[in-house]
Amino acid sequence: MTPALLTARALRKTYGRGDALVRAVDDVDLDVAAGETVAIMGPSGCGKSTLLYLLGGLDRADRGEILLAGQRVDKLGERDLARLRRDAVGFVFQSFHLMDELTAVENVELPALLAGRSPRAARRRALELLERTGLADRARFLPSALSGGQRQRVAVARALANDPLVVLADEPTGNLDSAATLEVLRLFDDLHQTGQTLVIVTHDARIAATADRLITMRDGALLDETRLTGGATGSLSRLAGLESEG
Amino acid sequence: MLVQQEVVLAMLAKEPTYGYELRARLRQALGPVGEDLNAGQIYVTLTRLEKAGLVTATAEAGQDRPDRKVYELTATGQLRVAAWLAEVSWPRPDLAEFHLKLVAAFAARLADPLAIIDAQRRELLRRLRDAQRAALTEPGTSDGALLLEGIVLRLQADLRWLEACERTWTTRRNQS
C-alpha cells in the first residue's frame, strides 16, 4: 500500500460530561492513501460527520493525532488551521452552503481569491472547474436558478478551487433525488479517475458502492472494512432477473 | 443469458423481422445488462416458437448476402403476447429464506446473525457497485439506464431491510 496521505491515530472527541458523556469519536485509527476514495457509513449519530470535521480541521479532537501529507493537523494554531482548511482540504456539504447572492462562478472562485490568487487567475480556474463539472453554461447563474444536482456540482467545483490534497464530503447526496445523485456520483467518479483523494461520509449505499473502501462506523468507532474492488459477483443480467445459462 | 419465449415473441409484435434485428432490438432495450445476450438461444427459441405455431418463418432471398428467415407472429402468437402483457408477474424476492436463516442460526447458536447480515451486505454492495458502474457510463435517457436504475433501487431496498435486520438482531443478541 502506498504511504497514507491522511492518517488519524487514536482520535477521540467527546461531548457533554458525566452521565451525558457522548464519545462521538472513540479511539479511531484511519489511513487514507493518496488517490483513494473511502466511504464511511453508519447510522445517524454514529459520529461519522464529527470524524470528518476533525479530519478537515473544522473541529478539534480531545486526543489523538491527525496527519495530512506528513503535517500534524492537531498541532496547528488557529491561523495555520484556517490556511489548511482553505488550501489543503476541500469540503462538500449536504446542504451545499453556496453564497446565494453570488453567481456560480463567483462561488467557485471565492476560495482562490481568499488564498490570494489574482482575480484573473481565480476566474480562469473557476471557469475551468465549471467546465469540468459540466456547468460551463451556468457560470453566471445564481444558485437559486440551479437544480439541486447543479448546486452540488458547483459546490464540488468550489471545493477543488485551490487543488486540495483531499476532498471531504458530508452526505453530498443527502438532499438530492435519484437523477441528481447520479450526476454527483459521475462527478466523484471522474475525480477518482483523475487521482483526487476523497473521503465521503454517507447514508447513501449508492455512493458507498462507488468507493474503493467502505468503513462502517457505530457509536464513534470504526467497525469493519470492506474492499469493494475486485471479486466476481455475477452478471448484471442475473441482477436484472434474466436467467443465466447452465 | 437467456430471455423468455414470451419476450422474444413480444419483440416481434412491432413488425416481422429476422433474427439478427430481433437481437439488436433486445440489446438496445437492455443496454449494458444485455451484453452477454446469447444469440444462439434466440434462434433456438424462434425455432421452438415456429414449431408451436406462434410464429411463421419465411425465407427472404438475399442478393449480396446470404438468405435469411423473416419471422412473423401468427394469430395465436399475437394472442399469447396479449395474454403475457396482461399477466401480473413480479419476481419473488427471497426474503423469507434469509430471514429464517437468521432465526435458525440464532436459535441454535450455530452462527452469529450479525455476521450473516454483514456477509450479505458486502455481497449486495458489490452488486450495487457493478450496477452503479454500468449506470455511470450509460447515457441517462437510454432504455438500458432505466433498467439499471431499477436494479439499483431494488438493491437499495434490500440494503435498507438489512439495516432493519441489523438493528433488531443487535438488540436481541445483546439481551440474550
# chains A, B, ... in the order shown; residues from 1 in each chain; ligands from 1
$ residues_around --residues "Val81 in chain B" --least-positions-apart "5" --cutoff "9 Å" --atoms "only C-alpha atoms" --output "short mmCIF file (atom, residue, chain, number, x, y, z; two decimals) with N, CA and C atoms, in the first residue's frame"
data_model
loop_
_atom_site.label_atom_id
_atom_site.label_comp_id
_atom_site.auth_asym_id
_atom_site.auth_seq_id
_atom_site.Cartn_x
_atom_site.Cartn_y
_atom_site.Cartn_z
N GLU B 6 -41.71 -15.64 -24.28
CA GLU B 6 -42.69 -14.56 -24.45
C GLU B 6 -42.01 -13.24 -24.81
N VAL B 7 -40.80 -13.04 -24.28
CA VAL B 7 -40.08 -11.81 -24.59
C VAL B 7 -39.72 -11.78 -26.07
N LEU B 9 -41.15 -13.36 -28.43
CA LEU B 9 -42.42 -13.22 -29.15
C LEU B 9 -42.87 -11.75 -29.17
N ALA B 10 -42.83 -11.13 -28.02
CA ALA B 10 -43.34 -9.76 -27.91
C ALA B 10 -42.47 -8.77 -28.69
N ALA B 13 -43.66 -8.27 -32.11
CA ALA B 13 -45.01 -7.74 -32.30
C ALA B 13 -45.02 -6.45 -33.11
N THR B 76 -52.31 -16.84 -33.20
CA THR B 76 -52.12 -17.42 -31.87
C THR B 76 -50.99 -16.72 -31.13
N ALA B 86 -50.82 -8.79 -20.27
CA ALA B 86 -51.87 -8.57 -19.27
C ALA B 86 -51.55 -9.25 -17.94
#
$ interface_residues --of "chain B" --to "chain A" --cutoff "8 Å" --atoms "only C-alpha atoms" --output "list of chain:residue names"
B:Met1, B:Leu2, B:Val3, B:Pro32, B:Val33, B:Gly34, B:Asp36, B:Pro91, B:Arg122, B:Glu123, B:Leu125, B:Arg126, B:Arg127, B:Leu128, B:Arg129, B:Asp130, B:Ala131, B:Gln132, B:Arg133, B:Leu136, B:Leu147, B:Leu148, B:Ile151, B:Val152, B:Gln156, B:Leu159
$ closest_residue --among "B:Asp143, B:Asp158, B:Glu72, B:Glu60" --to "Phe98 in chain B" --atoms "only C-alpha atoms"
B:Asp158
$ residues_around --residues "Asp177 in chain A" --least-positions-apart "6" --cutoff "12 Å" --atoms "only C-alpha atoms" --output "list of chain:residue names"
A:Ser147, A:Gly148, A:Gly149, A:Gln150, A:Gln152, A:Glu183, A:Val184, A:Asp204
$ select_by_dssp --residues "range 59-101 of chain B" --states "strand (DSSP E)" --output "VMD selection string"
chain B and resid 59 to 60 68 to 73
$ write_last_selection --atoms "C-alpha atoms" --output "PDB file, in the first residue's frame"
ATOM      1  CA  ALA B  59     -37.116 -17.280 -46.306  1.00  0.00           C
ATOM      2  CA  GLU B  60     -36.054 -13.980 -47.828  1.00  0.00           C
ATOM      3  CA  ARG B  68     -32.379 -15.086 -44.112  1.00  0.00           C
ATOM      4  CA  LYS B  69     -35.602 -16.010 -42.405  1.00  0.00           C
ATOM      5  CA  VAL B  70     -38.135 -13.346 -41.596  1.00  0.00           C
ATOM      6  CA  TYR B  71     -40.256 -14.210 -38.561  1.00  0.00           C
ATOM      7  CA  GLU B  72     -43.822 -13.050 -38.119  1.00  0.00           C
ATOM      8  CA  LEU B  73     -46.370 -13.561 -35.348  1.00  0.00           C
TER       9      LEU B  73
END
$ residues_around --residues "range 160-162 of chain A" --least-positions-apart "5" --cutoff "7 Å" --atoms "only C-alpha atoms" --output "ChimeraX atom specification"
/A:87,90,108-109,111-112,126
$ select_by_dssp --residues "range 79-197 of chain A" --states "helix (DSSP H, G or I)" --output "PyMOL selection string"
chain A and resi 79-87+104-114+119-132+136-138+143-145+148-159+178-193
$ closest_residue --among "B:Tyr43, B:Ala75, B:Gly31, B:Arg109" --to "Gly140 in chain B" --atoms "only C-alpha atoms"
B:Gly31
$ residues_around --residues "Lys75 in chain A" --least-positions-apart "6" --cutoff "12 Å" --atoms "only C-alpha atoms" --output "number ranges by chain"
A: 57, 60-68, 81, 84
$ write_last_selection --atoms "N, CA and C atoms" --output "JSON list (two decimals), in the first residue's frame"
[["chain", "number", "residue", "atom", "x", "y", "z"],
["A", 57, "GLY", "N", -10.05, 19.65, 10.03],
["A", 57, "GLY", "CA", -9.68, 20.80, 10.84],
["A", 57, "GLY", "C", -10.83, 21.77, 11.08],
["A", 60, "ARG", "N", -11.78, 20.44, 16.63],
["A", 60, "ARG", "CA", -10.55, 19.89, 17.22],
["A", 60, "ARG", "C", -10.86, 18.65, 18.06],
["A", 61, "ALA", "N", -9.96, 17.68, 17.98],
["A", 61, "ALA", "CA", -10.12, 16.45, 18.76],
["A", 61, "ALA", "C", -9.68, 16.71, 20.19],
["A", 62, "ASP", "N", -10.21, 15.88, 21.12],
["A", 62, "ASP", "CA", -9.75, 15.96, 22.51],
["A", 62, "ASP", "C", -8.37, 15.31, 22.63],
["A", 63, "ARG", "N", -8.17, 14.33, 21.76],
["A", 63, "ARG", "CA", -6.99, 13.50, 21.90],
["A", 63, "ARG", "C", -6.68, 12.87, 20.55],
["A", 64, "GLY", "N", -5.44, 12.48, 20.34],
["A", 64, "GLY", "CA", -5.09, 11.76, 19.13],
["A", 64, "GLY", "C", -4.38, 12.63, 18.11],
["A", 65, "GLU", "N", -3.91, 11.99, 17.07],
["A", 65, "GLU", "CA", -3.14, 12.68, 16.04],
["A", 65, "GLU", "C", -3.83, 12.63, 14.69],
["A", 66, "ILE", "N", -3.65, 13.70, 13.92],
["A", 66, "ILE", "CA", -4.08, 13.71, 12.52],
["A", 66, "ILE", "C", -2.91, 14.20, 11.69],
["A", 67, "LEU", "N", -2.58, 13.42, 10.68],
["A", 67, "LEU", "CA", -1.51, 13.81, 9.77],
["A", 67, "LEU", "C", -2.06, 13.95, 8.36],
["A", 68, "LEU", "N", -1.80, 15.11, 7.75],
["A", 68, "LEU", "CA", -2.17, 15.28, 6.35],
["A", 68, "LEU", "C", -0.88, 15.60, 5.60],
["A", 81, "LEU", "N", -4.42, 26.55, 10.88],
["A", 81, "LEU", "CA", -5.54, 25.63, 10.66],
["A", 81, "LEU", "C", -6.49, 26.23, 9.61],
["A", 84, "LEU", "N", -4.97, 25.74, 6.31],
["A", 84, "LEU", "CA", -5.09, 24.34, 5.89],
["A", 84, "LEU", "C", -6.49, 24.07, 5.32]]
$ residues_around --residues "range 19-35 of chain A" --least-positions-apart "5" --cutoff "7 Å" --atoms "only C-alpha atoms" --output "ChimeraX atom specification"
/A:2-14,46-47,50-51,192,195-197,219-222
$ atom_distance --atom1 "CA of Gly134 in chain A" --atom2 "CA of Ala180 in chain A"
12.9 Å
$ atom_distance --atom1 "CA of Leu95 in chain B" --atom2 "CA of Ala119 in chain B"
15.3 Å
$ residues_around --residues "Leu162 in chain B" --least-positions-apart "5" --cutoff "10 Å" --atoms "only C-alpha atoms" --output "PDB file with C-alpha atoms, in the first residue's frame"
ATOM      1  CA  HIS B  99     -34.995 -14.196   7.466  1.00  0.00           C
ATOM      2  CA  LEU B 114     -24.840 -10.188  12.575  1.00  0.00           C
ATOM      3  CA  ILE B 117     -26.024  -9.906   7.833  1.00  0.00           C
ATOM      4  CA  ASP B 118     -22.564  -8.412   7.244  1.00  0.00           C
ATOM      5  CA  GLN B 120     -24.979 -10.410   2.878  1.00  0.00           C
ATOM      6  CA  ARG B 121     -24.432  -6.662   2.955  1.00  0.00           C
ATOM      7  CA  LEU B 124     -25.244  -6.589  -2.038  1.00  0.00           C
ATOM      8  CA  GLN B 156     -31.003  -0.157  -2.070  1.00  0.00           C
ATOM      9  CA  ALA B 157     -34.293  -1.504  -0.729  1.00  0.00           C
ATOM     10  CA  ARG B 167     -30.948  -3.237  14.469  1.00  0.00           C
ATOM     11  CA  THR B 168     -33.268  -5.981  15.603  1.00  0.00           C
TER      12      THR B 168
END
$ atom_distance --atom1 "CA of Arg124 in chain A" --atom2 "CA of Ala82 in chain A"
24.2 Å
$ decode --residues "range 90-129 of chain B" --atoms "N, CA and C atoms" --output "PDB file, in the first residue's frame"
ATOM      1  N   TRP B  90     -44.246 -10.726 -10.962  1.00  0.00           N
ATOM      2  CA  TRP B  90     -43.147  -9.959 -10.372  1.00  0.00           C
ATOM      3  C   TRP B  90     -42.249 -10.980  -9.697  1.00  0.00           C
ATOM      4  N   PRO B  91     -40.971 -10.921  -9.975  1.00  0.00           N
ATOM      5  CA  PRO B  91     -40.098 -11.934  -9.378  1.00  0.00           C
ATOM      6  C   PRO B  91     -40.177 -11.894  -7.852  1.00  0.00           C
ATOM      7  N   ARG B  92     -40.250 -13.053  -7.236  1.00  0.00           N
ATOM      8  CA  ARG B  92     -40.354 -13.105  -5.782  1.00  0.00           C
ATOM      9  C   ARG B  92     -38.983 -12.938  -5.144  1.00  0.00           C
ATOM     10  N   PRO B  93     -38.810 -11.920  -4.305  1.00  0.00           N
ATOM     11  CA  PRO B  93     -37.531 -11.811  -3.613  1.00  0.00           C
ATOM     12  C   PRO B  93     -37.460 -12.881  -2.520  1.00  0.00           C
ATOM     13  N   ASP B  94     -36.259 -13.396  -2.292  1.00  0.00           N
ATOM     14  CA  ASP B  94     -36.129 -14.483  -1.319  1.00  0.00           C
ATOM     15  C   ASP B  94     -35.928 -13.945   0.099  1.00  0.00           C
ATOM     16  N   LEU B  95     -36.855 -13.125   0.551  1.00  0.00           N
ATOM     17  CA  LEU B  95     -36.675 -12.533   1.876  1.00  0.00           C
ATOM     18  C   LEU B  95     -36.874 -13.568   2.975  1.00  0.00           C
ATOM     19  N   ALA B  96     -37.871 -14.427   2.804  1.00  0.00           N
ATOM     20  CA  ALA B  96     -38.205 -15.367   3.871  1.00  0.00           C
ATOM     21  C   ALA B  96     -37.031 -16.295   4.161  1.00  0.00           C
ATOM     22  N   GLU B  97     -36.351 -16.744   3.108  1.00  0.00           N
ATOM     23  CA  GLU B  97     -35.252 -17.679   3.310  1.00  0.00           C
ATOM     24  C   GLU B  97     -34.146 -17.038   4.167  1.00  0.00           C
ATOM     25  N   PHE B  98     -33.813 -15.810   3.803  1.00  0.00           N
ATOM     26  CA  PHE B  98     -32.752 -15.130   4.547  1.00  0.00           C
ATOM     27  C   PHE B  98     -33.183 -14.882   5.997  1.00  0.00           C
ATOM     28  N   HIS B  99     -34.435 -14.450   6.137  1.00  0.00           N
ATOM     29  CA  HIS B  99     -34.995 -14.196   7.466  1.00  0.00           C
ATOM     30  C   HIS B  99     -34.923 -15.456   8.338  1.00  0.00           C
ATOM     31  N   LEU B 100     -35.316 -16.576   7.772  1.00  0.00           N
ATOM     32  CA  LEU B 100     -35.327 -17.830   8.533  1.00  0.00           C
ATOM     33  C   LEU B 100     -33.908 -18.311   8.837  1.00  0.00           C
ATOM     34  N   LYS B 101     -32.989 -17.978   7.957  1.00  0.00           N
ATOM     35  CA  LYS B 101     -31.583 -18.317   8.201  1.00  0.00           C
ATOM     36  C   LYS B 101     -31.114 -17.635   9.490  1.00  0.00           C
ATOM     37  N   LEU B 102     -31.486 -16.359   9.636  1.00  0.00           N
ATOM     38  CA  LEU B 102     -31.089 -15.613  10.836  1.00  0.00           C
ATOM     39  C   LEU B 102     -31.748 -16.212  12.079  1.00  0.00           C
ATOM     40  N   VAL B 103     -33.043 -16.493  11.960  1.00  0.00           N
ATOM     41  CA  VAL B 103     -33.784 -17.045  13.097  1.00  0.00           C
ATOM     42  C   VAL B 103     -33.163 -18.376  13.534  1.00  0.00           C
ATOM     43  N   ALA B 104     -32.898 -19.250  12.560  1.00  0.00           N
ATOM     44  CA  ALA B 104     -32.362 -20.578  12.871  1.00  0.00           C
ATOM     45  C   ALA B 104     -30.950 -20.486  13.434  1.00  0.00           C
ATOM     46  N   ALA B 105     -30.137 -19.628  12.845  1.00  0.00           N
ATOM     47  CA  ALA B 105     -28.744 -19.504  13.290  1.00  0.00           C
ATOM     48  C   ALA B 105     -28.697 -19.041  14.744  1.00  0.00           C
ATOM     49  N   PHE B 106     -29.592 -18.102  15.094  1.00  0.00           N
ATOM     50  CA  PHE B 106     -29.604 -17.551  16.438  1.00  0.00           C
ATOM     51  C   PHE B 106     -30.153 -18.571  17.432  1.00  0.00           C
ATOM     52  N   ALA B 107     -31.243 -19.227  17.044  1.00  0.00           N
ATOM     53  CA  ALA B 107     -31.899 -20.184  17.946  1.00  0.00           C
ATOM     54  C   ALA B 107     -30.952 -21.329  18.297  1.00  0.00           C
ATOM     55  N   ALA B 108     -30.237 -21.833  17.326  1.00  0.00           N
ATOM     56  CA  ALA B 108     -29.372 -22.989  17.554  1.00  0.00           C
ATOM     57  C   ALA B 108     -27.964 -22.568  17.958  1.00  0.00           C
ATOM     58  N   ARG B 109     -27.732 -21.255  18.059  1.00  0.00           N
ATOM     59  CA  ARG B 109     -26.391 -20.745  18.360  1.00  0.00           C
ATOM     60  C   ARG B 109     -25.357 -21.296  17.378  1.00  0.00           C
ATOM     61  N   LEU B 110     -25.777 -21.440  16.137  1.00  0.00           N
ATOM     62  CA  LEU B 110     -24.894 -22.014  15.117  1.00  0.00           C
ATOM     63  C   LEU B 110     -23.976 -20.967  14.503  1.00  0.00           C
ATOM     64  N   ALA B 111     -24.505 -19.754  14.381  1.00  0.00           N
ATOM     65  CA  ALA B 111     -23.727 -18.676  13.777  1.00  0.00           C
ATOM     66  C   ALA B 111     -24.274 -17.362  14.298  1.00  0.00           C
ATOM     67  N   ASP B 112     -23.454 -16.334  14.202  1.00  0.00           N
ATOM     68  CA  ASP B 112     -23.864 -15.014  14.650  1.00  0.00           C
ATOM     69  C   ASP B 112     -24.711 -14.360  13.553  1.00  0.00           C
ATOM     70  N   PRO B 113     -25.964 -14.037  13.874  1.00  0.00           N
ATOM     71  CA  PRO B 113     -26.813 -13.419  12.841  1.00  0.00           C
ATOM     72  C   PRO B 113     -26.171 -12.160  12.251  1.00  0.00           C
ATOM     73  N   LEU B 114     -25.445 -11.423  13.077  1.00  0.00           N
ATOM     74  CA  LEU B 114     -24.840 -10.188  12.575  1.00  0.00           C
ATOM     75  C   LEU B 114     -23.749 -10.466  11.553  1.00  0.00           C
ATOM     76  N   ALA B 115     -23.038 -11.580  11.740  1.00  0.00           N
ATOM     77  CA  ALA B 115     -22.011 -11.945  10.766  1.00  0.00           C
ATOM     78  C   ALA B 115     -22.673 -12.335   9.441  1.00  0.00           C
ATOM     79  N   ILE B 116     -23.811 -12.999   9.536  1.00  0.00           N
ATOM     80  CA  ILE B 116     -24.542 -13.376   8.316  1.00  0.00           C
ATOM     81  C   ILE B 116     -25.044 -12.124   7.606  1.00  0.00           C
ATOM     82  N   ILE B 117     -25.545 -11.170   8.406  1.00  0.00           N
ATOM     83  CA  ILE B 117     -26.024  -9.906   7.833  1.00  0.00           C
ATOM     84  C   ILE B 117     -24.877  -9.161   7.155  1.00  0.00           C
ATOM     85  N   ASP B 118     -23.720  -9.112   7.822  1.00  0.00           N
ATOM     86  CA  ASP B 118     -22.564  -8.412   7.244  1.00  0.00           C
ATOM     87  C   ASP B 118     -22.141  -9.020   5.915  1.00  0.00           C
ATOM     88  N   ALA B 119     -22.095 -10.351   5.874  1.00  0.00           N
ATOM     89  CA  ALA B 119     -21.684 -11.026   4.644  1.00  0.00           C
ATOM     90  C   ALA B 119     -22.661 -10.701   3.513  1.00  0.00           C
ATOM     91  N   GLN B 120     -23.950 -10.709   3.869  1.00  0.00           N
ATOM     92  CA  GLN B 120     -24.979 -10.410   2.878  1.00  0.00           C
ATOM     93  C   GLN B 120     -24.838  -8.963   2.388  1.00  0.00           C
ATOM     94  N   ARG B 121     -24.557  -8.066   3.320  1.00  0.00           N
ATOM     95  CA  ARG B 121     -24.432  -6.662   2.955  1.00  0.00           C
ATOM     96  C   ARG B 121     -23.253  -6.450   1.995  1.00  0.00           C
ATOM     97  N   ARG B 122     -22.139  -7.108   2.302  1.00  0.00           N
ATOM     98  CA  ARG B 122     -20.982  -6.960   1.409  1.00  0.00           C
ATOM     99  C   ARG B 122     -21.330  -7.411  -0.004  1.00  0.00           C
ATOM    100  N   GLU B 123     -22.024  -8.536  -0.088  1.00  0.00           N
ATOM    101  CA  GLU B 123     -22.397  -9.048  -1.409  1.00  0.00           C
ATOM    102  C   GLU B 123     -23.331  -8.060  -2.131  1.00  0.00           C
ATOM    103  N   LEU B 124     -24.319  -7.534  -1.406  1.00  0.00           N
ATOM    104  CA  LEU B 124     -25.244  -6.589  -2.038  1.00  0.00           C
ATOM    105  C   LEU B 124     -24.519  -5.317  -2.480  1.00  0.00           C
ATOM    106  N   LEU B 125     -23.565  -4.876  -1.666  1.00  0.00           N
ATOM    107  CA  LEU B 125     -22.820  -3.664  -2.028  1.00  0.00           C
ATOM    108  C   LEU B 125     -21.958  -3.900  -3.263  1.00  0.00           C
ATOM    109  N   ARG B 126     -21.397  -5.093  -3.373  1.00  0.00           N
ATOM    110  CA  ARG B 126     -20.617  -5.393  -4.580  1.00  0.00           C
ATOM    111  C   ARG B 126     -21.519  -5.377  -5.806  1.00  0.00           C
ATOM    112  N   ARG B 127     -22.704  -5.952  -5.649  1.00  0.00           N
ATOM    113  CA  ARG B 127     -23.649  -5.943  -6.780  1.00  0.00           C
ATOM    114  C   ARG B 127     -24.062  -4.523  -7.126  1.00  0.00           C
ATOM    115  N   LEU B 128     -24.300  -3.741  -6.071  1.00  0.00           N
ATOM    116  CA  LEU B 128     -24.681  -2.345  -6.285  1.00  0.00           C
ATOM    117  C   LEU B 128     -23.565  -1.621  -7.024  1.00  0.00           C
ATOM    118  N   ARG B 129     -22.339  -1.928  -6.641  1.00  0.00           N
ATOM    119  CA  ARG B 129     -21.206  -1.308  -7.302  1.00  0.00           C
ATOM    120  C   ARG B 129     -21.194  -1.652  -8.799  1.00  0.00           C
TER     121      ARG B 129
END
